[in-house]
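Engineer: Below you'll find upload.cif; it's mmCIF, C-alpha atoms.
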```
data_entry
loop_
_atom_site.label_atom_id
_atom_site.label_comp_id
_atom_site.auth_asym_id
_atom_site.auth_seq_id
_atom_site.Cartn_x
_atom_site.Cartn_y
_atom_site.Cartn_z
CA MET A 25 -2.38 -4.58 18.24
CA PRO A 26 0.71 -2.73 19.55
CA LEU A 27 0.68 1.05 20.00
CA ALA A 28 3.49 1.34 17.45
CA LEU A 29 0.85 0.78 14.77
CA LEU A 30 -0.82 4.00 15.96
CA ALA A 31 2.36 5.94 15.14
CA LEU A 32 2.42 4.37 11.67
CA ALA A 33 -1.28 5.22 11.19
CA VAL A 34 -0.71 8.86 12.21
CA SER A 35 2.10 9.07 9.65
CA ALA A 36 -0.16 7.53 7.01
CA PHE A 37 -2.85 10.10 7.89
CA GLY A 38 -0.46 12.97 7.13
CA ILE A 39 0.73 11.36 3.90
CA GLY A 40 -2.81 10.64 2.73
CA THR A 41 -3.93 14.19 3.49
CA THR A 42 -1.18 15.86 1.47
CA GLU A 43 -1.55 13.38 -1.40
CA PHE A 44 -5.26 13.99 -2.04
CA VAL A 45 -5.87 17.52 -0.77
CA MET A 46 -4.37 19.15 -3.86
CA MET A 47 -7.34 17.96 -5.94
CA GLY A 48 -9.63 20.21 -3.87
CA LEU A 49 -7.22 23.17 -3.79
CA LEU A 50 -6.41 23.44 -7.52
CA PRO A 51 -8.72 26.45 -8.16
CA ASN A 52 -7.31 28.32 -5.13
CA VAL A 53 -3.70 27.65 -6.13
CA ALA A 54 -4.38 28.60 -9.74
CA ASP A 55 -5.97 31.93 -8.75
CA ASP A 56 -3.24 32.80 -6.25
CA LEU A 57 -0.30 31.97 -8.53
CA GLY A 58 -1.84 33.30 -11.75
CA THR A 59 -2.09 30.05 -13.69
CA SER A 60 -4.89 27.90 -15.11
CA VAL A 61 -6.54 24.98 -13.34
CA PRO A 62 -5.26 22.43 -15.93
CA THR A 63 -1.73 23.75 -15.44
CA ALA A 64 -2.17 23.59 -11.67
CA GLY A 65 -3.06 19.94 -12.20
CA TYR A 66 0.67 19.32 -12.76
CA LEU A 67 0.99 19.62 -8.98
CA VAL A 68 -0.91 16.32 -8.65
CA SER A 69 1.38 14.74 -11.25
CA ALA A 70 4.49 16.11 -9.52
CA TYR A 71 3.58 14.35 -6.30
CA ALA A 72 2.87 11.08 -8.15
CA ILE A 73 6.21 11.30 -9.97
CA GLY A 74 7.91 11.82 -6.62
CA VAL A 75 6.31 8.63 -5.30
CA VAL A 76 7.28 6.58 -8.36
CA LEU A 77 10.90 7.78 -8.27
CA GLY A 78 11.35 7.88 -4.52
CA ALA A 79 10.03 4.42 -3.65
CA PRO A 80 12.84 2.36 -5.23
CA LEU A 81 15.54 5.06 -4.89
CA LEU A 82 15.15 5.85 -1.18
CA THR A 83 14.43 2.24 -0.26
CA GLY A 84 17.62 1.14 -1.98
CA LEU A 85 19.71 3.89 -0.39
CA GLY A 86 18.31 3.04 3.04
CA SER A 87 18.57 -0.74 2.76
CA ARG A 88 21.22 -0.85 5.51
CA VAL A 89 19.59 1.77 7.77
CA PRO A 90 17.74 0.45 10.86
CA ARG A 91 13.99 0.43 10.28
CA LYS A 92 13.01 2.97 12.95
CA LYS A 93 15.70 5.44 11.89
CA MET A 94 14.63 5.02 8.26
CA LEU A 95 11.00 5.80 9.13
CA LEU A 96 12.07 8.95 11.00
CA LEU A 97 14.27 10.13 8.11
CA LEU A 98 11.49 9.58 5.59
CA MET A 99 8.94 11.44 7.71
CA ALA A 100 11.43 14.29 8.15
CA LEU A 101 11.78 14.55 4.34
CA PHE A 102 7.98 14.52 4.04
CA THR A 103 7.74 17.38 6.56
CA VAL A 104 10.39 19.44 4.76
CA GLY A 105 8.59 18.92 1.44
CA ASN A 106 5.30 20.22 2.82
CA LEU A 107 7.00 23.16 4.50
CA ALA A 108 8.69 24.00 1.19
CA SER A 109 5.28 23.84 -0.52
CA ALA A 110 3.78 26.24 2.02
CA LEU A 111 6.62 28.75 1.53
CA ALA A 112 6.94 28.39 -2.27
CA PRO A 113 7.26 31.86 -3.86
CA ASP A 114 5.96 30.80 -7.29
CA PHE A 115 4.48 27.89 -9.22
CA GLY A 116 7.82 26.33 -10.14
CA TRP A 117 8.93 26.14 -6.51
CA LEU A 118 5.57 24.68 -5.54
CA VAL A 119 6.03 21.91 -8.13
CA ALA A 120 9.44 21.20 -6.61
CA GLY A 121 7.94 21.14 -3.11
CA ARG A 122 5.26 18.68 -4.18
CA LEU A 123 7.86 16.46 -5.84
CA LEU A 124 9.95 16.53 -2.65
CA ALA A 125 6.93 15.70 -0.46
CA GLY A 126 6.11 12.72 -2.70
CA LEU A 127 9.60 11.18 -2.65
CA PRO A 128 9.30 9.47 0.77
CA HIS A 129 5.70 8.29 0.27
CA GLY A 130 6.31 4.85 -1.25
CA ALA A 131 9.45 4.14 0.77
CA PHE A 132 7.65 4.98 4.02
CA PHE A 133 4.74 2.66 3.31
CA GLY A 134 7.14 -0.02 2.09
CA VAL A 135 9.29 0.07 5.23
CA GLY A 136 6.24 0.69 7.43
CA ALA A 137 4.44 -2.40 6.10
CA VAL A 138 7.48 -4.57 6.88
CA VAL A 139 7.72 -3.07 10.38
CA ALA A 140 3.98 -3.51 11.00
CA ALA A 141 4.16 -7.18 9.97
CA ARG A 142 7.09 -7.77 12.34
CA LEU A 143 5.30 -6.20 15.30
CA VAL A 144 2.64 -8.92 15.51
CA SER A 145 2.43 -12.70 15.61
CA GLU A 146 1.97 -15.00 12.62
CA GLY A 147 -1.59 -14.92 11.32
CA ARG A 148 -2.19 -11.25 12.21
CA GLN A 149 0.27 -9.62 9.84
CA ALA A 150 -2.26 -8.53 7.20
CA ARG A 151 -4.41 -6.95 9.95
CA ALA A 152 -1.36 -5.04 11.18
CA VAL A 153 -0.64 -3.71 7.67
CA ALA A 154 -4.32 -2.82 7.21
CA THR A 155 -4.24 -0.92 10.53
CA MET A 156 -1.41 1.25 9.22
CA PHE A 157 -3.40 1.88 6.03
CA LEU A 158 -6.38 3.01 8.12
CA GLY A 159 -4.53 6.30 8.58
CA LEU A 160 -4.63 6.72 4.81
CA THR A 161 -8.35 6.03 4.61
CA VAL A 162 -9.23 8.24 7.61
CA ALA A 163 -7.35 11.02 5.85
CA ASN A 164 -9.96 10.85 3.11
CA ILE A 165 -12.80 11.10 5.64
CA VAL A 166 -11.40 13.82 7.90
CA GLY A 167 -8.04 15.13 6.71
CA VAL A 168 -8.79 15.96 3.07
CA PRO A 169 -12.20 17.65 3.63
CA ALA A 170 -10.89 19.60 6.66
CA ALA A 171 -7.69 20.63 4.89
CA THR A 172 -9.68 21.68 1.82
CA LEU A 173 -11.97 23.89 3.92
CA LEU A 174 -8.94 25.34 5.70
CA GLY A 175 -7.29 26.16 2.39
CA GLN A 176 -10.45 27.77 1.05
CA HIS A 177 -10.81 30.07 4.08
CA LEU A 178 -7.22 30.75 5.17
CA GLY A 179 -5.36 30.13 1.91
CA TRP A 180 -3.74 27.01 0.48
CA ARG A 181 -0.42 27.76 2.22
CA ALA A 182 -2.10 27.23 5.61
CA THR A 183 -3.06 23.72 4.52
CA PHE A 184 0.55 22.69 3.90
CA LEU A 185 1.70 24.31 7.13
CA VAL A 186 -0.81 22.17 9.04
CA VAL A 187 0.31 19.03 7.17
CA ALA A 188 3.93 19.86 8.07
CA ALA A 189 2.82 20.08 11.72
CA ILE A 190 1.19 16.64 11.37
CA GLY A 191 4.52 15.40 10.04
CA LEU A 192 6.29 16.65 13.18
CA ALA A 193 3.66 14.99 15.39
CA ALA A 194 4.12 11.74 13.46
CA MET A 195 7.89 11.89 13.98
CA ALA A 196 7.36 12.28 17.73
CA ALA A 197 4.99 9.30 17.77
CA LEU A 198 7.42 7.17 15.75
CA ALA A 199 10.31 8.05 18.07
CA ARG A 200 8.26 7.26 21.18
CA LEU A 201 6.24 4.19 20.17
CA VAL A 202 8.09 2.22 17.47
CA PRO A 203 10.69 -0.20 18.88
CA SER A 204 14.18 -0.47 17.42
CA ILE A 205 14.14 -3.08 14.65
CA PRO A 206 17.59 -3.82 13.22
CA VAL A 207 18.20 -4.54 9.55
CA GLU A 208 18.62 -8.23 8.79
CA ALA A 209 22.28 -9.23 8.46
CA HIS A 210 21.76 -10.47 4.89
CA GLN A 211 19.91 -7.35 3.72
CA ASP A 212 21.46 -5.35 0.87
CA VAL A 213 20.44 -3.60 -2.36
CA ARG A 214 21.40 -6.48 -4.65
CA ARG A 215 19.31 -8.94 -2.66
CA GLU A 216 16.35 -6.54 -2.75
CA LEU A 217 16.70 -6.12 -6.53
CA ARG A 218 16.79 -9.87 -7.03
CA ALA A 219 13.63 -10.20 -4.96
CA LEU A 220 11.98 -7.49 -7.08
CA GLY A 221 12.70 -9.60 -10.18
CA ASN A 222 10.60 -12.50 -8.89
CA ARG A 223 7.89 -13.32 -11.45
CA GLN A 224 5.14 -13.36 -8.82
CA VAL A 225 6.26 -9.96 -7.52
CA ILE A 226 6.19 -8.49 -11.05
CA LEU A 227 2.70 -9.91 -11.67
CA GLY A 228 1.55 -8.50 -8.32
CA LEU A 229 2.80 -5.04 -9.28
CA LEU A 230 1.08 -5.27 -12.67
CA THR A 231 -2.15 -6.28 -10.90
CA ALA A 232 -1.88 -3.12 -8.80
CA VAL A 233 -1.25 -0.92 -11.85
CA PHE A 234 -4.26 -2.19 -13.82
CA GLY A 235 -6.68 -3.11 -11.04
CA PHE A 236 -6.30 0.05 -8.96
CA ALA A 237 -6.34 2.25 -12.08
CA GLY A 238 -10.02 1.34 -12.27
CA VAL A 239 -10.59 3.14 -8.96
CA PHE A 240 -8.76 6.30 -9.98
CA ALA A 241 -10.45 6.46 -13.37
CA VAL A 242 -13.57 7.43 -11.39
CA TYR A 243 -12.14 9.04 -8.24
CA SER A 244 -10.17 11.62 -10.23
CA TYR A 245 -13.44 12.99 -11.65
CA LEU A 246 -15.74 12.33 -8.70
CA SER A 247 -16.06 16.04 -7.89
CA ALA A 248 -17.24 16.81 -11.42
CA MET A 249 -19.58 13.80 -11.44
CA THR A 250 -21.14 15.01 -8.19
CA THR A 251 -22.39 18.22 -9.80
CA LYS A 252 -22.76 17.23 -13.46
CA ALA A 253 -24.13 13.66 -13.21
CA MET A 254 -25.53 13.16 -9.70
CA GLY A 255 -27.27 16.54 -9.59
CA PHE A 256 -25.79 17.77 -6.29
CA GLY A 257 -24.58 21.31 -5.65
CA GLU A 258 -20.94 22.25 -5.17
CA SER A 259 -21.42 22.31 -1.41
CA SER A 260 -22.04 18.54 -1.49
CA VAL A 261 -18.67 17.69 -3.02
CA THR A 262 -17.01 17.48 0.40
CA LEU A 263 -19.74 15.09 1.61
CA VAL A 264 -19.32 12.82 -1.41
CA LEU A 265 -15.54 12.71 -0.98
CA ALA A 266 -16.01 11.88 2.71
CA LEU A 267 -18.39 9.03 1.81
CA PHE A 268 -15.74 7.65 -0.51
CA GLY A 269 -13.29 7.83 2.40
CA ILE A 270 -15.75 5.97 4.65
CA GLY A 271 -15.96 3.25 2.02
CA MET A 272 -12.15 3.06 1.90
CA THR A 273 -12.03 2.64 5.69
CA LEU A 274 -14.65 -0.13 5.65
CA GLY A 275 -12.71 -1.88 2.90
CA ALA A 276 -9.46 -1.65 4.85
CA LEU A 277 -11.11 -3.02 8.00
CA ALA A 278 -12.53 -5.99 6.09
CA ALA A 279 -9.39 -6.67 4.04
CA GLY A 280 -7.08 -7.33 7.01
CA PRO A 281 -8.74 -10.43 8.53
CA LEU A 282 -9.88 -11.71 5.12
CA THR A 283 -6.33 -11.53 3.76
CA ASP A 284 -4.96 -13.32 6.83
CA ARG A 285 -7.42 -16.17 6.16
CA ALA A 286 -7.24 -16.38 2.35
CA LEU A 287 -4.99 -13.96 0.47
CA ARG A 288 -5.63 -14.79 -3.19
CA PRO A 289 -9.41 -15.33 -2.83
CA THR A 290 -9.63 -11.91 -1.13
CA LEU A 291 -7.74 -10.35 -4.04
CA TYR A 292 -9.88 -12.09 -6.67
CA GLY A 293 -13.11 -11.21 -4.86
CA SER A 294 -12.24 -7.54 -4.40
CA LEU A 295 -11.19 -7.07 -8.03
CA GLY A 296 -14.29 -8.89 -9.28
CA ALA A 297 -16.53 -6.80 -7.00
CA LEU A 298 -14.77 -3.64 -8.19
CA ALA A 299 -15.55 -4.49 -11.82
CA VAL A 300 -19.23 -5.12 -10.97
CA VAL A 301 -19.57 -1.83 -9.05
CA LEU A 302 -17.94 0.13 -11.88
CA VAL A 303 -20.26 -1.40 -14.49
CA ALA A 304 -23.31 -0.59 -12.34
CA PHE A 305 -22.13 2.94 -11.50
CA PRO A 306 -23.33 4.74 -14.69
CA PHE A 307 -26.80 3.15 -14.40
CA THR A 308 -27.38 4.20 -10.78
CA VAL A 309 -25.59 7.55 -10.59
CA HIS A 310 -28.65 9.59 -11.66
CA VAL A 311 -30.64 8.44 -8.59
CA GLN A 312 -29.09 10.46 -5.79
CA TRP A 313 -29.46 8.00 -2.89
CA ALA A 314 -28.24 5.14 -5.09
CA ALA A 315 -25.32 7.26 -6.29
CA LEU A 316 -24.21 7.85 -2.69
CA VAL A 317 -24.40 4.13 -1.95
CA MET A 318 -22.30 3.37 -5.04
CA VAL A 319 -19.67 5.89 -3.95
CA VAL A 320 -19.30 4.10 -0.60
CA LEU A 321 -19.17 0.70 -2.34
CA LEU A 322 -16.58 1.94 -4.80
CA GLY A 323 -14.31 3.10 -1.99
CA ALA A 324 -14.80 -0.16 -0.08
CA VAL A 325 -14.15 -2.70 -2.85
CA GLY A 326 -11.44 -0.54 -4.40
CA PHE A 327 -9.42 -0.27 -1.20
CA MET A 328 -9.94 -3.94 -0.33
CA THR A 329 -7.43 -4.71 -3.08
CA THR A 330 -4.55 -2.85 -1.39
CA THR A 331 -3.88 -5.11 1.62
CA PRO A 332 -3.80 -8.45 -0.29
CA LEU A 333 -1.60 -6.88 -2.97
CA GLN A 334 0.75 -5.51 -0.31
CA MET A 335 1.00 -8.85 1.47
CA LEU A 336 1.38 -10.74 -1.82
CA VAL A 337 4.48 -8.86 -2.95
CA MET A 338 5.95 -9.01 0.55
CA ASN A 339 5.41 -12.77 0.77
CA LYS A 340 6.75 -13.51 -2.69
CA ALA A 341 9.81 -11.30 -2.13
CA LYS A 342 10.52 -13.62 0.86
CA ASP A 343 13.40 -12.36 3.00
CA ALA A 344 13.96 -9.14 1.00
CA PRO A 345 10.47 -7.61 0.99
CA THR A 346 11.16 -3.92 1.57
CA LEU A 347 11.88 -2.78 -2.00
CA ALA A 348 9.02 -4.88 -3.37
CA SER A 349 6.68 -3.43 -0.76
CA ALA A 350 7.76 0.13 -1.58
CA SER A 351 7.52 -0.51 -5.33
CA ASN A 352 3.91 -1.54 -4.79
CA HIS A 353 3.16 2.11 -3.94
CA SER A 354 4.91 3.20 -7.12
CA ALA A 355 2.52 0.84 -8.89
CA PHE A 356 -0.48 2.40 -7.11
CA ASN A 357 0.62 5.87 -8.20
CA LEU A 358 1.11 4.70 -11.78
CA ALA A 359 -2.46 3.44 -11.47
CA ASN A 360 -3.44 6.89 -10.21
CA ALA A 361 -1.89 8.64 -13.19
CA GLY A 362 -2.98 6.06 -15.77
CA GLY A 363 -6.55 5.78 -14.53
CA ALA A 364 -6.98 9.56 -14.42
CA TRP A 365 -5.57 9.91 -17.94
CA LEU A 366 -7.78 7.19 -19.45
CA GLY A 367 -10.85 8.52 -17.66
CA GLY A 368 -10.08 11.98 -19.05
CA VAL A 369 -9.71 10.55 -22.57
CA ALA A 370 -13.20 9.03 -22.29
CA ILE A 371 -14.71 12.33 -21.17
CA ALA A 372 -12.88 14.30 -23.87
CA ALA A 373 -14.17 11.84 -26.48
CA GLY A 374 -17.72 12.91 -25.58
CA TRP A 375 -18.76 9.65 -23.92
CA GLY A 376 -20.19 11.43 -20.88
CA TRP A 377 -19.17 12.19 -17.32
CA THR A 378 -19.87 8.64 -16.14
CA SER A 379 -17.83 6.99 -18.91
CA PRO A 380 -14.69 6.73 -16.74
CA ALA A 381 -16.55 4.08 -14.71
CA LEU A 382 -16.78 1.78 -17.73
CA VAL A 383 -13.11 2.44 -18.53
CA GLY A 384 -12.35 1.55 -14.92
CA ALA A 385 -14.35 -1.69 -15.21
CA VAL A 386 -12.18 -2.78 -18.15
CA LEU A 387 -9.05 -1.98 -16.14
CA ALA A 388 -10.36 -3.92 -13.12
CA VAL A 389 -11.06 -6.96 -15.29
CA ALA A 390 -7.53 -6.71 -16.71
CA GLY A 391 -6.15 -6.62 -13.16
CA LEU A 392 -8.25 -9.66 -12.22
CA ALA A 393 -6.97 -11.54 -15.27
CA ILE A 394 -3.35 -10.81 -14.31
CA ALA A 395 -4.01 -11.87 -10.70
CA ALA A 396 -5.67 -15.11 -11.84
CA THR A 397 -2.77 -15.86 -14.17
CA ALA A 398 -0.33 -15.30 -11.31
CA GLY A 399 -2.35 -17.63 -9.08
CA PHE A 400 -2.40 -20.34 -11.76
CA LEU A 401 1.36 -20.09 -12.28
CA ASP A 402 1.94 -20.10 -8.52
CA ARG A 403 -0.03 -23.34 -8.13
CA GLY A 404 1.91 -24.88 -11.02
CA GLU A 405 5.24 -23.91 -9.47
CA GLY A 406 4.16 -25.34 -6.11
CA LYS A 407 3.03 -28.60 -7.69
CA ALA A 408 6.29 -28.93 -9.64
CA SER A 409 8.38 -28.41 -6.49
CA ARG A 410 6.36 -31.09 -4.66
CA VAL A 411 6.88 -33.55 -7.53
CA VAL A 412 10.64 -32.92 -7.50
CA ALA A 413 10.80 -33.38 -3.74
CA ALA A 414 8.85 -36.66 -3.95
CA HIS A 415 11.11 -37.93 -6.74
CA GLN A 416 14.23 -37.15 -4.73
CA PHE A 417 12.75 -38.94 -1.71
CA ARG A 418 12.02 -42.08 -3.77
CA GLN A 419 15.54 -42.07 -5.20
CA SER A 420 17.05 -41.84 -1.71
CA ARG A 421 14.92 -44.81 -0.58
CA GLN A 422 16.00 -46.90 -3.58
CA ALA A 423 19.72 -46.16 -3.24
CA PRO A 424 22.04 -49.12 -2.30
CA SER A 425 22.67 -49.52 1.40
CA SER A 426 26.37 -48.74 0.90
CA ALA A 427 25.45 -45.35 -0.58
CA ARG A 428 23.15 -44.42 2.26
CA PRO A 429 24.45 -42.38 5.15
CA ALA A 430 25.06 -44.31 8.35
CA ALA A 431 22.08 -44.32 10.64
CA THR A 432 22.37 -42.15 13.72
CA PRO A 433 22.25 -44.25 16.88
CA ALA A 434 19.09 -43.88 18.86
CA ARG A 435 19.40 -41.65 21.89
CA PRO A 436 17.21 -41.24 24.96
CA ALA A 437 14.94 -38.25 25.23
CA PHE A 438 17.40 -36.47 27.54
CA GLU A 439 21.18 -36.56 27.56
CA ASP A 440 21.50 -38.03 31.06
CA GLY A 441 19.43 -41.07 30.04
CA THR A 442 17.13 -40.72 33.00
CA GLY A 443 14.13 -39.45 31.06
CA SER A 444 13.97 -36.41 33.33
CA PRO A 445 14.31 -32.82 32.09
CA GLY A 446 17.16 -32.01 34.41
CA GLY A 447 20.02 -33.27 32.23
CA PRO A 448 22.57 -31.31 30.23
CA ALA A 449 20.32 -31.02 27.18
CA ALA A 450 17.67 -29.23 29.16
CA GLU A 451 20.25 -26.99 30.78
CA SER A 452 21.65 -26.15 27.35
CA ALA A 453 18.19 -25.28 26.04
CA ASN A 454 17.41 -23.13 29.03
CA SER A 455 20.69 -21.27 28.72
CA SER A 456 20.24 -20.42 25.02
CA PRO A 457 19.88 -16.71 24.16
CA SER A 458 16.28 -17.15 23.02
CA GLY A 459 15.32 -19.11 26.06
CA GLY A 460 13.85 -21.78 23.81
CA HIS A 461 10.92 -19.57 22.80
CA SER A 462 10.02 -18.18 19.43
CA SER A 463 10.17 -14.47 18.72
CA PRO A 464 7.11 -12.60 20.04
CA SER A 465 6.77 -10.91 16.70
CA GLY A 466 6.37 -14.21 14.94
CA ALA A 467 8.70 -12.96 12.20
#
```
Could the structure of this file be written out as structure tokens, please?
Structural biologist:
Amino acid sequence: MPLALLALAVSAFGIGTTEFVMMGLLPNVADDLGTSVPTAGYLVSAYAIGVVLGAPLLTGLGSRVPRKKMLLLLMALFTVGNLASALAPDFGWLVAGRLLAGLPHGAFFGVGAVVAARLVSEGRQARAVATMFLGLTVANIVGVPAATLLGQHLGWRATFLVVAAIGLAAMAALARLVPSIPVEAHQDVRRELRALGNRQVILGLLTAVFGFAGVFAVYSYLSAMTTKAMGFGESSVTLVLALFGIGMTLGALAAGPLTDRALRPTLYGSLGALAVVLVAFPFTVHVQWAALVMVVLLGAVGFMTTTPLQMLVMNKAKDAPTLASASNHSAFNLANAGGAWLGGVAIAAGWGWTSPALVGAVLAVAGLAIAATAGFLDRGEGKASRVVAAHQFRQSRQAPSSARPAATPARPAFEDGTGSPGGPAAESANSSPSGGHSSPSGA
């Protein structure tokens, strides 16, 4: 794997840290700014709204910007957003800072996934995308717990200052390690929008919204479940969150090669496994060792869905994948918001602290049903295109000889007729700009 993927992973680490750290800092922010914890929860929503709005907007505006320059601009906006959050004088300005920090999130991962896929040869593209996402999962193991502890001891503003510094380090890594990748000549906003309207792309986005909402229905309340259902003390919350992050990392590592070998089966298997884990979760959560195992499994099977979904929308968007790839992260954040809301409804209804897991299981099954429907339709479309092609071939064979194109005279293997590779044809091939070889990126 090229070193450029390390720069993308470092960027993903910073983004993942700032996305999830707010959940652990809500009490500190609420106390410091004189507001309630539920009101401080709007800071999580502000970031998610920024992702949903920014993914299509910034991707469209930057459709003609070279990929490397676009990544640098997006990371610069991310850094400014976190710096604004650290310096916010009141709650309203902090909401604005969080919204600003969320704007480049989806666009960065959308452009970054396309760049990662172009950096490697055919057959390793899903592994390259999964490597970039490893930064996001490692953030949940190291970045979020460390940033939470930092905020608790030095104040929440110090956390966002450190994240802004990570953003600067990521920009330096991007500038140094990522090669210049020009925008395709045919790339424009209208082409991207047409690709986004592809039925398979829409079904892929819907799969992300419903399937991944099952993960966030539980993850949003995992801290409360740790103390109220699992029987651990508050000091164990950081450990449980880190175990979830370890599961996410294991899932990302497994998803890359599996997706390269069989994309749709990997998607079906991960969504099915997610539903099973969520159903089992309420029955095992009261046994502490079993609860910890289930947390790891939940992170693993939940995050295994992200790489096949990312590759699916990129593949089905064909030669205009950037907007579809970015919109996939809007879908994940809609899943975040929707899953958290539905899990909260279940708790408020008095169904218990583990009830969000059963809500999540229903959502995962809905995502699996959408994915299976998309696969069925995709097979039908492929079969129909093969039938049409065969019919056209038979018609061309049955056409009168006068209607057929004149046969091309047979020619020797080389232009000079000697059968040796030294003739003009070979010279022409050797003098071509590509040197007769395929692109090393395989794209």
Engineer: Give me the result of the PyMOL selection byres ((chain A and resi 359) around 9) on this file, residue by residue, as a ChimeraX atom specification.
Structural biologist: /A:232-241,354-358,360-364
Engineer: At a cut-off of 8 Å, using only C-alpha atoms, what residues contact Phe327 of chain A? Leave out same-chain residues fewer than 3 positions from it and give the result as a list in words.
Structural biologist: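 In the requested form, the answer reads Met272, Thr273, Gly275, Ala276, Gly323, Ala324, Thr330 and Thr331 of chain A.
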Engineer: Here is a test: counting only C-alpha atoms, which residue of A:Gly179, A:Gly105, A:Pro380, A:Pro26 is nearest to Leu50 of chain A?
Structural biologist: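 Ranking A:Gly179, A:Gly105, A:Pro380, A:Pro26 by distance to Leu50 of chain A, first place goes to A:Gly179.
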Engineer: Quote the spacing between atom CA of Leu246 of chain A and atom CA of Leu178 of chain A in Å to one decimal place.
Structural biologist: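 That distance, rounded to one decimal, is 24.6 Å.
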Engineer: Check which residues satisfy the PyMOL selection byres ((chain A and resi 189-202) around 9) in the file shown, then give them as a ChimeraX atom specification.
Structural biologist: /A:26-39,92-93,95-97,99-100,102-104,106-107,139,184-188,203-205
Engineer: Care to translate the PyMOL selection byres ((chain A and resi 132) around 9) into actual residues of this file, as a ChimeraX atom specification?
Structural biologist: /A:35-36,79,83,94-95,98-99,128-131,133-137,350
Engineer: Interatomic distance between atom CA of Met156 of chain A and atom CA of Leu143 of chain A?
Structural biologist: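 Interatomic distance, atom CA of Met156 of chain A to atom CA of Leu143 of chain A: 11.7 Å.
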Engineer: Show me, as JSON, numbers by chain, the residues that have an atom within 10 Å of segment 391-403 of chain A when counting all atoms listed in the file, minus same-chain residues fewer than 6 positions from it.
Structural biologist: {"A": [223, 224, 225, 226, 227, 228, 229, 230, 231, 232, 233, 234, 235, 236, 237, 238, 288, 289, 291, 292, 293, 294, 295, 296, 298, 299, 333, 385, 409]}
Engineer: Counting all atoms listed in the file, which residue out of A:Ala370, A:Ala348, A:Leu287, A:Val242 sits closest to Ala388 of chain A?
Structural biologist: A:Val242
Engineer: Excluding Thr251 of chain A and residues on its chain fewer than 3 positions from it, collect all residues at most 12 Å away from it, counting only C-alpha atoms, and give them as a VMD selection string.
Structural biologist: chain A and resid 245 to 248 254 to 262 264 309 to 310 312 315 377 to 378
Engineer: Here is a test: counting only C-alpha atoms, which residue of A:Ser244, A:Asn164, A:Thr63, A:Ser145 is nearest to Met47 of chain A?
Structural biologist: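 Checking each candidate against Met47 of chain A, we get A:Ser244 as the closest.
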